[in-house]
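S.K.: What follows is a single structure, and I will ask about it in a moment.
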Amino acid sequence: VFFARTVPELAQALESAREYSLTLLVEHYLRGHEATCGVVDNFRGRAVYGLPPIEIRRPAAKPVWTYDDKYSGAAEEICPGNFDEVTKQKIEELAVAAHRALGLRHYSRSDFIITAHGIYLLETNSLPGLTAESLLPKALAALDAVRDGTPLVRAGCLVNRAMARRDLARLEAAAGRDPWPLRERALAEAREAVAILPGAWNTHGFLGQMLEVF
């Protein structure tokens, strides 16, 4: 990824990028505040419910994200974000609209840039993380969603653990070691997740995918 502020910098960036591929993508840089907004289905009396937008502040010296920036903890995540009520409602509306337009189910999370000229939707994640450090559970926690009885976060943590154990079992098998203890624990966690949210995980075929491994 190259960041160009001037025409000469753009020319140099294009020349450098050609060393990797002849197919190049040039995008306009959107300067503004970054936000992400999750939505969940059938929550608090709504078919699709927009969660509080989270404001994401990257290090000031970094004009664009790198992989290390995203996962090193250098970014500041503010939940709920410091947005005025009009901006907050618009972000939630756009996240809900994206969820519906893409035909998504159960939950999703969309990323935005809020500029002086308006709000831009960057992308929608159809299967965002559900670990304790993931953004969608943090938004649910800001609403005290656990008190409302939603099992989404607990089931999501089980899913993540099951998938991790499944991958470890594959590595054990490839190394010639016995994978069955890890496989059995992963399958037990997968079944528990399906028991908590049967509609969501059965629709995604999650348990079926797990069973294929075993």
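In the structure tokens, the first chain shown is A, the next is B, and so on; residue numbers restart at 1 for each chain, and ligands run from 1 in the order shown.
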Give me the residues within 7 Å of range 55-65 of chain A as a tab-separated table (two decimals) with N, CA and C atoms, in the first residue's frame, counting only C-alpha atoms and dropping any in the same chain fewer than 6 places off.
M.R.:
```tsv
chain	number	residue	atom	x	y	z
A	34	GLU	N	-12.93	7.60	11.78
A	34	GLU	CA	-13.28	6.22	11.45
A	34	GLU	C	-14.27	5.68	12.48
A	35	ALA	N	-15.21	4.88	11.97
A	35	ALA	CA	-16.22	4.29	12.84
A	35	ALA	C	-16.59	2.91	12.33
A	36	THR	N	-17.08	2.09	13.23
A	36	THR	CA	-17.64	0.80	12.85
A	36	THR	C	-18.94	0.62	13.61
A	74	ALA	N	-2.44	-0.68	18.95
A	74	ALA	CA	-2.05	0.73	18.87
A	74	ALA	C	-3.26	1.64	18.68
A	75	ALA	N	-4.34	1.09	18.11
A	75	ALA	CA	-5.54	1.90	17.86
A	75	ALA	C	-6.34	2.07	19.14
A	76	GLU	N	-7.03	3.20	19.24
A	76	GLU	CA	-7.91	3.47	20.37
A	76	GLU	C	-9.36	3.25	19.92
A	77	GLU	N	-10.08	2.43	20.64
A	77	GLU	CA	-11.47	2.11	20.32
A	77	GLU	C	-12.38	2.69	21.39
A	78	ILE	N	-13.25	3.61	20.99
A	78	ILE	CA	-14.12	4.31	21.93
A	78	ILE	C	-15.55	3.87	21.70
A	79	CYS	N	-16.14	3.28	22.71
A	79	CYS	CA	-17.49	2.72	22.58
A	79	CYS	C	-18.34	3.12	23.80
A	81	GLY	N	-18.94	5.74	20.47
A	81	GLY	CA	-18.08	6.78	19.89
A	81	GLY	C	-18.54	8.19	20.22
A	82	ASN	N	-17.62	9.12	20.09
A	82	ASN	CA	-17.91	10.54	20.37
A	82	ASN	C	-18.52	11.22	19.13
```
S.K.: DSSP on the backbone: which residues in range 25-202 of chain A end up as helix (DSSP H, G or I)? Give the answer as a ChimeraX atom specification.
M.R.: /A:67-71,85-101,135-142,152-174,180-196,198-202
S.K.: Using only C-alpha atoms, which residues sit within 10 Å of Pro53 in chain A once same-chain residues fewer than 6 positions away are excluded, as a VMD selection string?
M.R.: chain A and resid 34 to 39 78 to 83 87 to 92 95 109 to 112 135 to 136 139
S.K.: What are the DSSP strand (DSSP E) residues of range 49-92 of chain A, as a PyMOL selection string?
M.R.: chain A and resi 49-50+54-57+76-78
S.K.: Give me, please, the distance in Å between CA of Ala98 in chain A and CA of Gly32 in chain A, quoted to one decimal.
M.R.: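 It comes out at 20.6 Å.
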S.K.: Residues near Val26 in chain A, anyone? I mean within 9 Å using only C-alpha atoms, not counting same-chain ones fewer than 2 positions away, as a PDB file with all heavy atoms, in the first residue's frame.
M.R.:
```pdb
ATOM      1  N   LEU A  14       2.903   4.416  -8.250  1.00  0.00           N
ATOM      2  CA  LEU A  14       2.484   3.550  -9.348  1.00  0.00           C
ATOM      3  C   LEU A  14       3.660   2.751  -9.902  1.00  0.00           C
ATOM      4  O   LEU A  14       3.531   1.556 -10.205  1.00  0.00           O
ATOM      5  CB  LEU A  14       1.842   4.382 -10.456  1.00  0.00           C
ATOM      6  CG  LEU A  14       0.502   5.054 -10.110  1.00  0.00           C
ATOM      7  CD1 LEU A  14       0.077   5.987 -11.234  1.00  0.00           C
ATOM      8  CD2 LEU A  14      -0.574   4.006  -9.858  1.00  0.00           C
ATOM      9  N   LEU A  24      -3.449  -2.439 -10.996  1.00  0.00           N
ATOM     10  CA  LEU A  24      -3.321  -1.535  -9.859  1.00  0.00           C
ATOM     11  C   LEU A  24      -4.666  -0.920  -9.502  1.00  0.00           C
ATOM     12  O   LEU A  24      -5.528  -0.734 -10.360  1.00  0.00           O
ATOM     13  CB  LEU A  24      -2.329  -0.410 -10.171  1.00  0.00           C
ATOM     14  CG  LEU A  24      -0.937  -0.852 -10.687  1.00  0.00           C
ATOM     15  CD1 LEU A  24      -0.098   0.370 -11.004  1.00  0.00           C
ATOM     16  CD2 LEU A  24      -0.247  -1.728  -9.659  1.00  0.00           C
ATOM     17  N   HIS A  28      -9.284   7.345  -3.934  1.00  0.00           N
ATOM     18  CA  HIS A  28      -9.247   8.662  -3.309  1.00  0.00           C
ATOM     19  C   HIS A  28      -9.136   8.508  -1.792  1.00  0.00           C
ATOM     20  O   HIS A  28      -9.839   7.698  -1.199  1.00  0.00           O
ATOM     21  CB  HIS A  28     -10.519   9.435  -3.662  1.00  0.00           C
ATOM     22  CG  HIS A  28     -10.645  10.755  -2.958  1.00  0.00           C
ATOM     23  ND1 HIS A  28      -9.785  11.796  -3.190  1.00  0.00           N
ATOM     24  CD2 HIS A  28     -11.537  11.197  -2.027  1.00  0.00           C
ATOM     25  CE1 HIS A  28     -10.137  12.827  -2.443  1.00  0.00           C
ATOM     26  NE2 HIS A  28     -11.190  12.486  -1.715  1.00  0.00           N
TER      27      HIS A  28
END
```
S.K.: Have a look at A:Arg18, A:His33, A:His99, A:Arg185 and name the one nearest to His117 in chain A; count only C-alpha atoms.
M.R.: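 The closest residue to His117 in chain A is A:His33.
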S.K.: Between A:Val48, A:Gly118, A:Ser134, A:Ile54, which has the minimum distance to Glu93 in chain A (counting only C-alpha atoms)?
M.R.: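 Among the listed residues, A:Val48 lies closest to Glu93 in chain A.
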S.K.: Using only C-alpha atoms, which protein or nucleic acid residues come within 6 Å of range 186-193 of chain A? Drop anything in the same chain fewer than 4 positions from it, and give the result as a ChimeraX atom specification.
M.R.: /A:155,158,162,165-166
S.K.: Can you measure CA of Ser126 in chain A to CA of Leu104 in chain A for me? One decimal in Å is fine.
M.R.: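 Atom-to-atom, CA of Ser126 in chain A to CA of Leu104 in chain A, that is 6.7 Å.
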S.K.: Given the choices A:Leu51, A:Ala17, A:Ala4, A:Ala173, which gets closest to Ala142 in chain A if the distance is worked out from only C-alpha atoms?
M.R.: A:Leu51
S.K.: For Asn42 in chain A, list every protein, DNA or RNA residue within 10 Å, evaluated using only C-alpha atoms, and leave out those in the same chain fewer than 3 positions away; present the list as a ChimeraX atom specification.
M.R.: /A:39,45-49,106-107,150
S.K.: I need the residues from that last selection saved to file as a PDB file, in the first residue's frame (with C-alpha atoms), if you can.
M.R.:
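Output file selection.pdb follows:
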```pdb
ATOM      1  CA  VAL A  39     -26.203  -4.802  13.804  1.00  0.00           C
ATOM      2  CA  GLY A  45     -38.259  -5.600  19.399  1.00  0.00           C
ATOM      3  CA  ARG A  46     -36.636  -4.754  16.052  1.00  0.00           C
ATOM      4  CA  ALA A  47     -36.075  -7.039  13.082  1.00  0.00           C
ATOM      5  CA  VAL A  48     -32.635  -5.438  12.546  1.00  0.00           C
ATOM      6  CA  TYR A  49     -31.129  -3.425  15.398  1.00  0.00           C
ATOM      7  CA  HIS A 106     -28.153 -12.738  12.401  1.00  0.00           C
ATOM      8  CA  TYR A 107     -25.415 -10.078  12.699  1.00  0.00           C
ATOM      9  CA  THR A 150     -29.018 -12.200  24.292  1.00  0.00           C
TER      10      THR A 150
END
```
